[in-house]
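J.: As input, take model-v8.txt (compact mmCIF, C-alpha atoms):
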# COMPACT_ATOMS: atom_id res chain seq x y z
CA MET C 1 -65.35 -53.73 -44.52
CA ALA C 2 -65.83 -56.12 -47.41
CA THR C 3 -65.54 -59.81 -46.72
CA ASP C 4 -62.12 -61.15 -47.72
CA GLU C 5 -61.68 -64.54 -49.32
CA ASP C 6 -60.54 -66.11 -46.05
CA GLY C 7 -63.62 -64.72 -44.37
CA GLU C 8 -65.77 -66.41 -47.00
CA LEU C 9 -63.97 -69.69 -46.34
CA MET C 10 -64.62 -69.33 -42.63
CA LEU C 11 -68.31 -68.69 -43.29
CA ARG C 12 -68.45 -71.74 -45.54
CA TYR C 13 -66.80 -73.80 -42.81
CA ALA C 14 -69.36 -72.52 -40.33
CA ARG C 15 -72.03 -73.89 -42.68
CA GLY C 16 -70.33 -77.30 -42.58
CA ASP C 17 -67.91 -77.15 -45.50
CA MET C 18 -64.80 -78.98 -44.29
CA ARG C 19 -62.98 -78.33 -47.55
CA ALA C 20 -63.18 -74.60 -46.85
CA PHE C 21 -61.47 -75.12 -43.51
CA GLU C 22 -58.72 -77.19 -45.10
CA LEU C 23 -58.00 -74.36 -47.53
CA LEU C 24 -58.02 -71.82 -44.74
CA TYR C 25 -55.73 -73.95 -42.62
CA ALA C 26 -53.30 -74.57 -45.49
CA ARG C 27 -53.00 -70.84 -46.06
CA HIS C 28 -52.27 -69.87 -42.50
CA ARG C 29 -50.62 -72.85 -40.82
CA ASN C 30 -46.99 -71.97 -41.59
CA PRO C 31 -46.95 -68.22 -40.86
CA LEU C 32 -48.96 -68.75 -37.69
CA TYR C 33 -46.70 -71.53 -36.54
CA ARG C 34 -43.58 -69.42 -37.19
CA TYR C 35 -45.08 -66.54 -35.27
CA LEU C 36 -45.72 -68.82 -32.29
CA VAL C 37 -42.40 -70.68 -32.37
CA ARG C 38 -40.32 -67.55 -32.70
CA HIS C 39 -42.33 -65.88 -29.97
CA ALA C 40 -42.31 -68.80 -27.57
CA ARG C 41 -38.79 -70.02 -28.43
CA ASN C 42 -40.05 -73.46 -27.62
CA THR C 43 -41.63 -75.86 -30.08
CA ASP C 44 -43.65 -77.70 -27.43
CA THR C 45 -45.18 -74.45 -26.24
CA ALA C 46 -45.69 -73.37 -29.83
CA ASN C 47 -47.43 -76.66 -30.60
CA ASP C 48 -49.78 -76.20 -27.64
CA LEU C 49 -50.51 -72.60 -28.58
CA PHE C 50 -51.02 -73.55 -32.21
CA GLN C 51 -53.67 -76.09 -31.21
CA GLU C 52 -55.26 -73.63 -28.82
CA VAL C 53 -55.50 -70.94 -31.49
CA TRP C 54 -57.12 -73.24 -34.04
CA SER C 55 -59.44 -74.68 -31.41
CA LYS C 56 -60.68 -71.17 -30.71
CA VAL C 57 -61.12 -70.50 -34.41
CA ILE C 58 -63.15 -73.71 -34.73
CA ALA C 59 -65.22 -72.94 -31.65
CA SER C 60 -66.02 -69.43 -32.85
CA ARG C 61 -67.26 -70.51 -36.29
CA GLU C 62 -70.93 -69.98 -35.35
CA ARG C 63 -70.32 -66.49 -34.03
CA TYR C 64 -67.86 -65.46 -36.70
CA GLU C 65 -68.76 -62.24 -38.50
CA PRO C 66 -66.42 -60.97 -41.16
CA ARG C 67 -66.11 -57.45 -39.82
CA ALA C 68 -62.37 -57.41 -40.41
CA LYS C 69 -59.94 -59.58 -42.35
CA PHE C 70 -59.84 -63.20 -41.23
CA ARG C 71 -56.08 -62.78 -40.87
CA THR C 72 -56.59 -60.03 -38.29
CA PHE C 73 -59.10 -62.24 -36.48
CA LEU C 74 -56.64 -65.17 -36.46
CA TYR C 75 -53.65 -63.20 -35.22
CA ARG C 76 -55.70 -61.42 -32.60
CA ILE C 77 -56.54 -64.84 -31.17
CA ALA C 78 -52.89 -65.89 -31.44
CA HIS C 79 -51.70 -62.69 -29.78
CA ASN C 80 -54.19 -63.14 -26.93
CA CYS C 81 -53.28 -66.81 -26.51
CA PHE C 82 -49.64 -65.88 -26.30
CA ILE C 83 -50.30 -63.17 -23.73
CA ASP C 84 -52.33 -65.65 -21.65
CA HIS C 85 -49.51 -68.15 -21.91
CA TYR C 86 -46.96 -65.53 -20.94
CA ARG C 87 -49.01 -64.61 -17.86
CA ARG C 88 -49.42 -68.25 -16.86
CA ALA C 89 -45.69 -68.81 -17.32
CA ALA C 90 -44.95 -65.71 -15.23
CA LEU C 91 -47.22 -67.06 -12.50
CA ARG C 92 -45.32 -70.34 -12.57
CA SER C 93 -42.05 -68.38 -12.50
CA GLU C 94 -41.04 -70.03 -15.70
CA SER C 95 -40.48 -66.87 -17.66
CA GLY C 96 -36.72 -67.14 -17.52
CA GLY C 97 -36.37 -67.02 -21.29
CA VAL C 98 -35.38 -70.63 -21.51
CA GLU C 99 -33.73 -71.43 -24.80
CA GLU C 100 -35.41 -74.63 -25.82
CA SER C 101 -35.81 -77.19 -28.50
CA TRP C 102 -35.72 -75.10 -31.65
CA GLU C 103 -33.48 -77.61 -33.36
CA GLY C 104 -36.26 -80.05 -34.03
CA SER C 105 -37.95 -77.56 -36.31
CA VAL C 106 -34.90 -76.29 -38.17
CA PRO C 107 -34.41 -77.85 -41.58
CA ALA C 108 -31.34 -80.02 -41.80
CA PRO C 109 -28.34 -77.92 -42.85
CA ASP C 110 -26.40 -78.67 -45.96
CA GLN C 111 -24.19 -81.60 -44.98
CA ASP C 112 -21.88 -80.99 -47.92
CA ARG C 113 -20.86 -77.53 -46.73
CA PRO C 114 -19.77 -77.67 -43.09
CA ASP C 115 -18.44 -74.13 -43.38
CA LEU C 116 -21.83 -72.81 -44.35
CA ARG C 117 -23.43 -74.91 -41.70
CA ALA C 118 -21.22 -73.42 -39.02
CA GLU C 119 -21.77 -69.90 -40.25
CA GLN C 120 -25.50 -70.40 -40.49
CA ALA C 121 -25.61 -71.85 -37.01
CA GLN C 122 -23.74 -68.87 -35.63
CA LEU C 123 -25.99 -66.38 -37.38
CA THR C 124 -29.09 -68.23 -36.36
CA ALA C 125 -28.01 -68.35 -32.74
CA ASN C 126 -27.13 -64.69 -32.78
CA TYR C 127 -30.38 -63.72 -34.40
CA ARG C 128 -32.40 -65.78 -31.95
CA ALA C 129 -30.53 -64.33 -29.04
CA ALA C 130 -31.18 -60.82 -30.31
CA LEU C 131 -34.85 -61.64 -30.87
CA ALA C 132 -35.14 -63.09 -27.37
CA ALA C 133 -33.49 -60.02 -25.92
CA LEU C 134 -36.11 -57.72 -27.40
CA PRO C 135 -38.78 -56.37 -25.06
CA ALA C 136 -41.93 -58.48 -25.44
CA GLU C 137 -43.91 -55.64 -27.04
CA GLN C 138 -41.25 -55.00 -29.68
CA ARG C 139 -40.84 -58.70 -30.39
CA ASP C 140 -44.60 -59.10 -30.74
CA VAL C 141 -44.95 -56.25 -33.25
CA PHE C 142 -41.88 -57.44 -35.15
CA LEU C 143 -43.11 -61.04 -35.43
CA LEU C 144 -46.61 -59.98 -36.36
CA TYR C 145 -45.18 -57.78 -39.10
CA GLU C 146 -42.82 -60.45 -40.42
CA GLU C 147 -45.19 -63.40 -40.28
CA SER C 148 -48.79 -62.26 -40.51
CA GLY C 149 -48.63 -59.99 -43.53
CA LEU C 150 -50.85 -57.51 -41.68
CA SER C 151 -50.42 -53.79 -42.02
CA LEU C 152 -49.04 -51.69 -39.19
CA GLU C 153 -52.51 -50.30 -38.54
CA GLU C 154 -53.94 -53.80 -38.18
CA ILE C 155 -51.08 -54.83 -35.91
CA ALA C 156 -51.65 -51.70 -33.84
CA SER C 157 -55.31 -52.70 -33.51
CA ILE C 158 -54.37 -56.23 -32.37
CA SER C 159 -51.84 -54.88 -29.88
CA ALA C 160 -54.29 -52.21 -28.70
CA VAL C 161 -51.85 -49.37 -29.33
CA GLY C 162 -51.71 -46.51 -31.79
CA ALA C 163 -50.25 -46.97 -35.26
CA GLU C 164 -47.30 -44.70 -34.45
CA THR C 165 -46.50 -46.68 -31.33
CA ALA C 166 -46.57 -49.91 -33.31
CA LYS C 167 -44.30 -48.40 -35.96
CA SER C 168 -41.91 -47.11 -33.33
CA ARG C 169 -41.73 -50.54 -31.68
CA LEU C 170 -41.07 -52.14 -35.02
CA ARG C 171 -38.33 -49.64 -35.83
CA TYR C 172 -36.54 -50.31 -32.54
CA ALA C 173 -36.82 -54.07 -33.02
CA VAL C 174 -35.46 -53.97 -36.57
CA THR C 175 -32.57 -51.71 -35.58
CA LYS C 176 -31.54 -54.01 -32.73
CA LEU C 177 -31.80 -57.16 -34.81
CA ARG C 178 -29.83 -55.63 -37.67
CA ALA C 179 -27.17 -54.47 -35.24
CA ALA C 180 -26.90 -57.97 -33.78
CA LEU C 181 -26.60 -59.55 -37.23
CA ALA C 182 -24.09 -56.94 -38.39
CA ALA C 183 -21.91 -57.54 -35.34
CA ARG C 184 -21.84 -61.25 -36.14
CA GLU C 185 -21.08 -60.50 -39.76
CA GLU C 186 -18.14 -58.28 -38.77
CA LEU C 187 -16.86 -60.98 -36.48
CA ARG C 188 -17.13 -63.53 -39.26
CA THR C 189 -15.21 -61.39 -41.76
CA ALA C 190 -12.53 -60.60 -39.18
CA THR C 191 -11.98 -64.33 -38.45
CA PRO C 192 -12.79 -66.11 -41.69
CA ILE C 193 -13.85 -69.71 -41.40
CA GLU C 194 -11.35 -72.00 -43.04
CA GLU C 195 -12.46 -73.72 -46.16
CA PRO C 196 -12.44 -77.52 -45.83
CA GLY C 197 -9.26 -79.07 -47.16
CA THR C 198 -7.23 -75.86 -46.96
CA MET H 1 -32.75 -41.20 -36.36
CA SER H 2 -30.47 -40.67 -39.38
CA ALA H 3 -31.63 -40.63 -42.97
CA GLY H 4 -29.70 -43.85 -43.62
CA HIS H 5 -31.51 -45.64 -40.83
CA GLU H 6 -34.78 -44.26 -42.09
CA ASP H 7 -34.10 -45.58 -45.61
CA GLU H 8 -33.16 -48.97 -44.19
CA PHE H 9 -36.35 -49.05 -42.21
CA GLU H 10 -38.45 -48.12 -45.23
CA THR H 11 -36.72 -50.91 -47.16
CA TYR H 12 -37.53 -53.31 -44.34
CA LEU H 13 -41.19 -52.24 -44.37
CA ARG H 14 -41.37 -53.22 -48.03
CA GLU H 15 -39.42 -56.49 -47.78
CA ARG H 16 -40.72 -57.60 -44.39
CA SER H 17 -37.55 -59.54 -43.59
CA VAL H 18 -34.63 -58.60 -41.45
CA LEU H 19 -32.74 -61.81 -42.12
CA PRO H 20 -30.16 -62.33 -44.79
CA GLY H 21 -31.37 -64.72 -47.48
CA ARG H 22 -29.19 -67.61 -46.40
CA LEU H 23 -30.58 -67.50 -42.89
CA THR H 24 -34.23 -67.21 -43.92
CA ALA H 25 -34.48 -70.89 -44.81
CA SER H 26 -33.34 -71.94 -41.36
CA GLU H 27 -36.20 -69.98 -39.81
CA ARG H 28 -38.87 -71.54 -42.00
CA PHE H 29 -40.65 -73.56 -39.36
CA GLU H 30 -43.58 -75.74 -40.18
CA PRO H 31 -46.03 -77.42 -37.87
CA PRO H 32 -45.47 -81.18 -37.50
CA LYS H 33 -47.76 -83.41 -39.53
CA ASP H 34 -49.37 -84.95 -36.45
CA LEU H 35 -50.30 -81.45 -35.29
CA ASP H 36 -51.97 -80.83 -38.65
CA ALA H 37 -53.89 -84.07 -38.20
CA ILE H 38 -55.05 -83.08 -34.72
CA VAL H 39 -56.32 -79.68 -35.85
CA LEU H 40 -58.05 -80.97 -38.95
CA ASP H 41 -59.64 -83.81 -37.01
CA LYS H 42 -60.92 -81.36 -34.42
CA ALA H 43 -62.37 -79.16 -37.16
CA ARG H 44 -64.05 -82.15 -38.80
CA ARG H 45 -65.57 -83.40 -35.54
CA ALA H 46 -66.83 -79.92 -34.70
CA ILE H 47 -69.04 -79.71 -37.77
CA ARG H 48 -70.19 -83.30 -37.46
CA ALA H 49 -71.30 -82.89 -33.87
CA PRO H 50 -74.85 -81.67 -33.40
CA THR H 51 -74.84 -77.94 -33.17
CA PRO H 52 -75.82 -76.79 -29.71
CA MET H 53 -79.06 -74.89 -29.68
CA ARG H 54 -78.16 -71.31 -30.24
CA LEU H 55 -79.67 -69.03 -27.68
CA TYR H 56 -81.00 -65.82 -29.03
CA ARG H 57 -78.89 -62.93 -27.93
CA ALA H 58 -80.45 -59.59 -28.54
CA PRO H 59 -78.00 -56.96 -29.63
CA ARG H 60 -77.10 -54.23 -27.18
CA TRP H 61 -79.25 -51.64 -28.93
CA ALA H 62 -82.38 -53.83 -28.87
CA LEU H 63 -83.71 -52.68 -25.48
CA PRO H 64 -83.69 -48.90 -26.10
CA VAL H 65 -85.06 -49.42 -29.61
CA ALA H 66 -87.85 -51.64 -28.27
CA LEU H 67 -88.74 -49.05 -25.63
CA ALA H 68 -88.78 -46.25 -28.18
CA ALA H 69 -90.91 -48.34 -30.55
CA THR H 70 -93.39 -49.10 -27.75
CA ILE H 71 -93.71 -45.43 -26.85
CA VAL H 72 -94.18 -44.36 -30.48
CA LEU H 73 -96.73 -47.13 -31.07
CA SER H 74 -98.72 -46.27 -27.93
CA PHE H 75 -98.71 -42.59 -28.80
CA SER H 76 -99.87 -43.24 -32.37
CA ILE H 77 -102.70 -45.52 -31.14
CA VAL H 78 -103.91 -42.89 -28.67
CA LEU H 79 -103.66 -40.19 -31.34
CA ASN H 80 -105.54 -42.35 -33.83
CA ILE H 81 -108.35 -43.07 -31.38
CA SER H 82 -108.62 -39.41 -30.47
CA LEU H 83 -108.81 -38.30 -34.12
CA THR H 84 -111.33 -41.01 -34.97
CA THR H 85 -113.58 -39.96 -32.09
CA ARG H 86 -113.41 -36.32 -33.12
CA SER H 87 -114.14 -37.00 -36.79
CA SER H 88 -117.15 -39.21 -35.95
CA THR H 89 -118.79 -36.33 -34.02
CA PRO H 90 -120.25 -34.17 -36.81
CA GLN H 91 -121.90 -30.85 -36.25
CA GLY H 92 -125.35 -32.46 -36.14
CA MET H 93 -124.39 -34.57 -33.17
CA ILE H 94 -122.90 -31.59 -31.44
CA ASP H 95 -126.16 -29.73 -32.05
CA GLN H 96 -128.17 -32.66 -30.74
CA ALA H 97 -126.02 -32.77 -27.67
CA ALA H 98 -126.64 -29.06 -27.12
CA HIS H 99 -130.33 -29.62 -27.69
CA SER H 100 -130.42 -32.48 -25.24
CA SER H 101 -128.73 -30.36 -22.61
CA ALA H 102 -131.42 -27.77 -23.24
CA ALA H 103 -134.02 -30.47 -22.88
CA ALA H 104 -132.44 -31.52 -19.64
CA SER H 105 -132.79 -28.02 -18.29
CA VAL H 106 -136.43 -27.99 -19.38
CA ARG H 107 -136.96 -31.32 -17.69
CA GLN H 108 -135.80 -29.86 -14.44
CA GLN H 109 -138.65 -27.41 -14.65
CA ALA H 110 -141.22 -29.86 -16.04
CA PRO H 111 -142.85 -32.50 -13.91
CA LEU H 112 -140.80 -35.61 -13.55
CA THR H 113 -143.82 -37.82 -14.06
CA PRO H 114 -146.78 -37.34 -16.31
CA PRO H 115 -150.13 -36.57 -14.73
CA ALA H 116 -151.61 -39.56 -13.01
CA ILE H 117 -154.73 -39.31 -15.12
CA SER H 118 -155.12 -41.70 -17.98
CA LEU H 119 -158.08 -40.84 -20.12
CA GLU H 120 -156.92 -42.28 -23.39
CA PRO H 121 -154.57 -45.11 -24.21
CA MET H 122 -151.07 -43.71 -24.28
CA ALA H 123 -150.06 -46.05 -27.02
CA LYS H 124 -151.71 -43.79 -29.52
CA LYS H 125 -148.91 -41.37 -29.69
CA ALA H 126 -148.27 -38.53 -32.03
CA PRO H 127 -145.16 -38.66 -34.13
CA GLN H 128 -142.05 -37.98 -32.04
CA ALA H 129 -141.29 -34.33 -31.65
CA PRO H 130 -137.70 -33.18 -32.25
CA LEU H 131 -137.35 -32.54 -28.57
CA GLU H 132 -138.40 -36.07 -27.72
CA ARG H 133 -136.11 -37.53 -30.33
CA ALA H 134 -133.27 -35.62 -28.81
CA GLN H 135 -134.27 -36.88 -25.40
CA ALA H 136 -134.51 -40.39 -26.67
CA GLU H 137 -131.09 -40.18 -28.29
CA ALA H 138 -129.67 -38.63 -25.18
CA GLY H 139 -131.12 -41.47 -23.13
CA ILE H 140 -133.57 -39.28 -21.31
CA ALA H 141 -136.89 -40.89 -20.44
CA SER H 142 -139.65 -39.53 -22.66
CA LYS H 143 -142.24 -40.12 -19.95
CA ALA H 144 -141.21 -36.94 -18.22
CA ILE H 145 -142.82 -34.68 -20.82
CA PRO H 146 -145.82 -35.97 -22.79
CA ASP H 147 -146.49 -34.70 -26.23
CA PRO H 148 -148.36 -31.36 -26.26
CA ALA H 149 -151.65 -32.69 -27.68
CA THR H 150 -151.93 -35.46 -25.10
CA TRP H 151 -150.95 -33.13 -22.36
CA LEU H 152 -153.56 -30.60 -23.41
CA ARG H 153 -156.25 -33.29 -23.53
CA GLN H 154 -155.29 -34.38 -20.03
CA ILE H 155 -155.57 -30.79 -18.85
CA GLU H 156 -158.98 -30.48 -20.52
CA ALA H 157 -160.08 -33.68 -18.77
CA LEU H 158 -158.99 -32.23 -15.41
CA ARG H 159 -161.07 -29.15 -16.12
CA ALA H 160 -164.01 -31.30 -17.10
CA GLN H 161 -163.67 -33.20 -13.81
CA GLY H 162 -163.78 -29.90 -11.95
CA LYS H 163 -160.15 -30.07 -10.83
CA THR H 164 -159.55 -26.54 -11.93
CA ALA H 165 -156.57 -25.80 -9.69
CA GLU H 166 -154.74 -28.88 -10.86
CA ALA H 167 -155.65 -28.13 -14.46
CA ASP H 168 -154.28 -24.59 -14.12
CA ALA H 169 -151.06 -25.84 -12.56
CA GLU H 170 -150.61 -28.33 -15.37
CA LEU H 171 -151.33 -25.63 -17.93
CA ARG H 172 -148.63 -23.41 -16.38
CA ARG H 173 -146.18 -26.26 -16.58
CA PHE H 174 -147.25 -26.85 -20.15
CA HIS H 175 -146.45 -23.24 -21.04
CA GLN H 176 -143.09 -23.52 -19.29
CA ALA H 177 -142.25 -26.68 -21.23
CA PHE H 178 -143.51 -25.34 -24.55
CA PRO H 179 -143.27 -21.56 -24.32
CA ASP H 180 -143.56 -21.15 -28.10
CA TYR H 181 -146.64 -23.28 -28.47
CA PRO H 182 -149.06 -21.12 -30.46
CA SER H 183 -152.04 -20.17 -28.37
CA SER H 184 -154.26 -20.49 -31.46
CA LYS H 185 -153.70 -24.23 -31.32
CA LEU H 186 -154.74 -24.48 -27.69
CA PRO H 187 -158.22 -25.87 -27.07
CA PRO H 188 -160.63 -22.95 -26.62
CA ALA H 189 -161.23 -23.91 -23.00
CA LEU H 190 -157.56 -23.56 -22.17
CA ARG H 191 -156.90 -20.26 -23.89
CA ASP H 192 -156.13 -17.32 -21.69
CA PRO H 193 -159.04 -14.99 -22.05
CA ALA H 194 -156.69 -12.04 -21.53
CA LYS H 195 -154.73 -12.92 -24.70
Represent the structure from my file as structure tokens, please.
T.:
Amino acid sequence: MATDEDGELMLRYARGDMRAFELLYARHRNPLYRYLVRHARNTDTANDLFQEVWSKVIASRERYEPRAKFRTFLYRIAHNCFIDHYRRAALRSESGGVEESWEGSVPAPDQDRPDLRAEQAQLTANYRAALAALPAEQRDVFLLYEESGLSLEEIASISAVGAETAKSRLRYAVTKLRAALAAREELRTATPIEEPGT
Amino acid sequence: MSAGHEDEFETYLRERSVLPGRLTASERFEPPKDLDAIVLDKARRAIRAPTPMRLYRAPRWALPVALAATIVLSFSIVLNISLTTRSSTPQGMIDQAAHSSAAASVRQQAPLTPPAISLEPMAKKAPQAPLERAQAEAGIASKAIPDPATWLRQIEALRAQGKTAEADAELRRFHQAFPDYPSSKLPPALRDPAK
């Protein structure tokens, strides 16, 4: 496979070019962070995992060979870090799906429109609950598809499953999330939120 | 799954977002600035630190390839040596070798040592006969069979000394060693009167 631009940046970083790493980091920091936060449902855990993933990328710079896209390489590390974390959490019996401090990362809602704020909060909560309720495999494929920009084949390779399995998992996840959002939407239209001052 | 669901899913595959637009912004998480600083600092320190000596790791295929290369190389060396040896053995050498084996069989019949009589200095030798050359090249001692002229003179000397029996024995050996020696070249005293 031809070397992608990110792969070239990684090779340049391996040769000591810090500017190349900064470019690479700027490109991938947000999607990777979203993948981790939405997976972990906990910003502290996501922060730890985020550091761990980049530490592994840094440590592997000497051995890095651009056989596949850098993006695939990055999310494979992230996927494996998350699985390790999940196993550790299971061992500590902490895998109770604790809803944690997401609020710190959510942009401040529009203070001028409390109605929108309330609606958004409801939708967000519903969406997050539906996402948390997904089986881990479906959630993983869904988040990889939404955040990484990888193809289904690449996601299948990261998840070590066939492309059809990955597609099927994604289909189930999307259907469940849409159903959860639609239910909230129906509820909202049935009981409209009063406009301020009415 | 219904066609409507299938269309929705295909739409999702293109758009990559299940969220309504107004909710998307609320899910746009970003890493905190201090986390950025930690990662970038770690990356910077990693390339500043002296690189640990990289141990050579042979790829997985190296061992079988090395073994195959060794076998091929050994075989080609052996083949090369064998061909070189064969090509440096021309027909002449093969003939010489055959001749020397013939000479060896003659030597078995000829006396191992020359006659103990020394009438003339042996240094005055006739030019080397082909047989002797072959013997010399084959590493066979040329003392075993003297040249015909010398030998004949020695036999004549034995006759002159009255050692007729010994002279006859030596003459028989001479004829065995040189069966084709023309009798016309023999000294008159040593010619067989019957011939």
J.: For chain C, report every residue with an atom at most 8 Å from chain H (counting all atoms listed in the file), formatted as number ranges by chain.
T.: C: 14, 16, 18, 21-22, 29-30, 33-34, 37, 47, 51, 54-55, 58-59, 105-107, 109, 120, 123-124, 145-146, 171, 174, 177-178
J.: If you measure from CA of Asp44 in chain C to CA of Thr72 in chain C, what distance in Å do you get, rounded to one decimal?
T.: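 Between CA of Asp44 in chain C and CA of Thr72 in chain C the gap is 24.4 Å.
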J.: Which centre and which edge lengths, in Å to one decimal, describe the axis-aligned box that holds all listed atoms of range 141-144 of chain C after 5 Å is added on each side, as JSON?
T.:
{"center_x": -44.2, "center_y": -58.6, "center_z": -34.8, "size_x": 14.7, "size_y": 14.8, "size_z": 13.1}
J.: For CA of Ala130 in chain C and CA of Ala179 in chain C, quote the distance in Å rounded to one decimal.
T.: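 Atom-to-atom, CA of Ala130 in chain C and CA of Ala179 in chain C are spaced 9.0 Å apart.
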J.: Residues near Leu36 in chain C, anyone? I mean within 9 Å using only C-alpha atoms, not counting same-chain ones fewer than 5 positions away, as a list in words.
T.: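 Residues meeting the cut-off are Pro31, Arg41, Asn42, Thr43, Thr45, Ala46, Asn47, Leu49, Phe50, Ala78, His79, Phe82 and Leu143 of chain C.
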J.: Please determine, counting all atoms listed in the file, which residue among C:Leu134, C:Leu11, C:Ala118, C:Leu91 has the shortest atom-to-atom distance to Ser60 in chain C.
T.: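 Distance minimum relative to Ser60 in chain C lands on C:Leu11.
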J.: What is the distance, in Å and to one decimal place, between CA of Arg76 in chain C and CA of Ala136 in chain C?
T.: 15.8 Å
J.: Do you know which residues are at most 12 Å from Pro66 in chain C counting all atoms listed in the file, after dropping those on the same chain fewer than 5 positions away, and could you put them as number ranges by chain?
T.: C: 1-12, 14, 60-61, 71-74
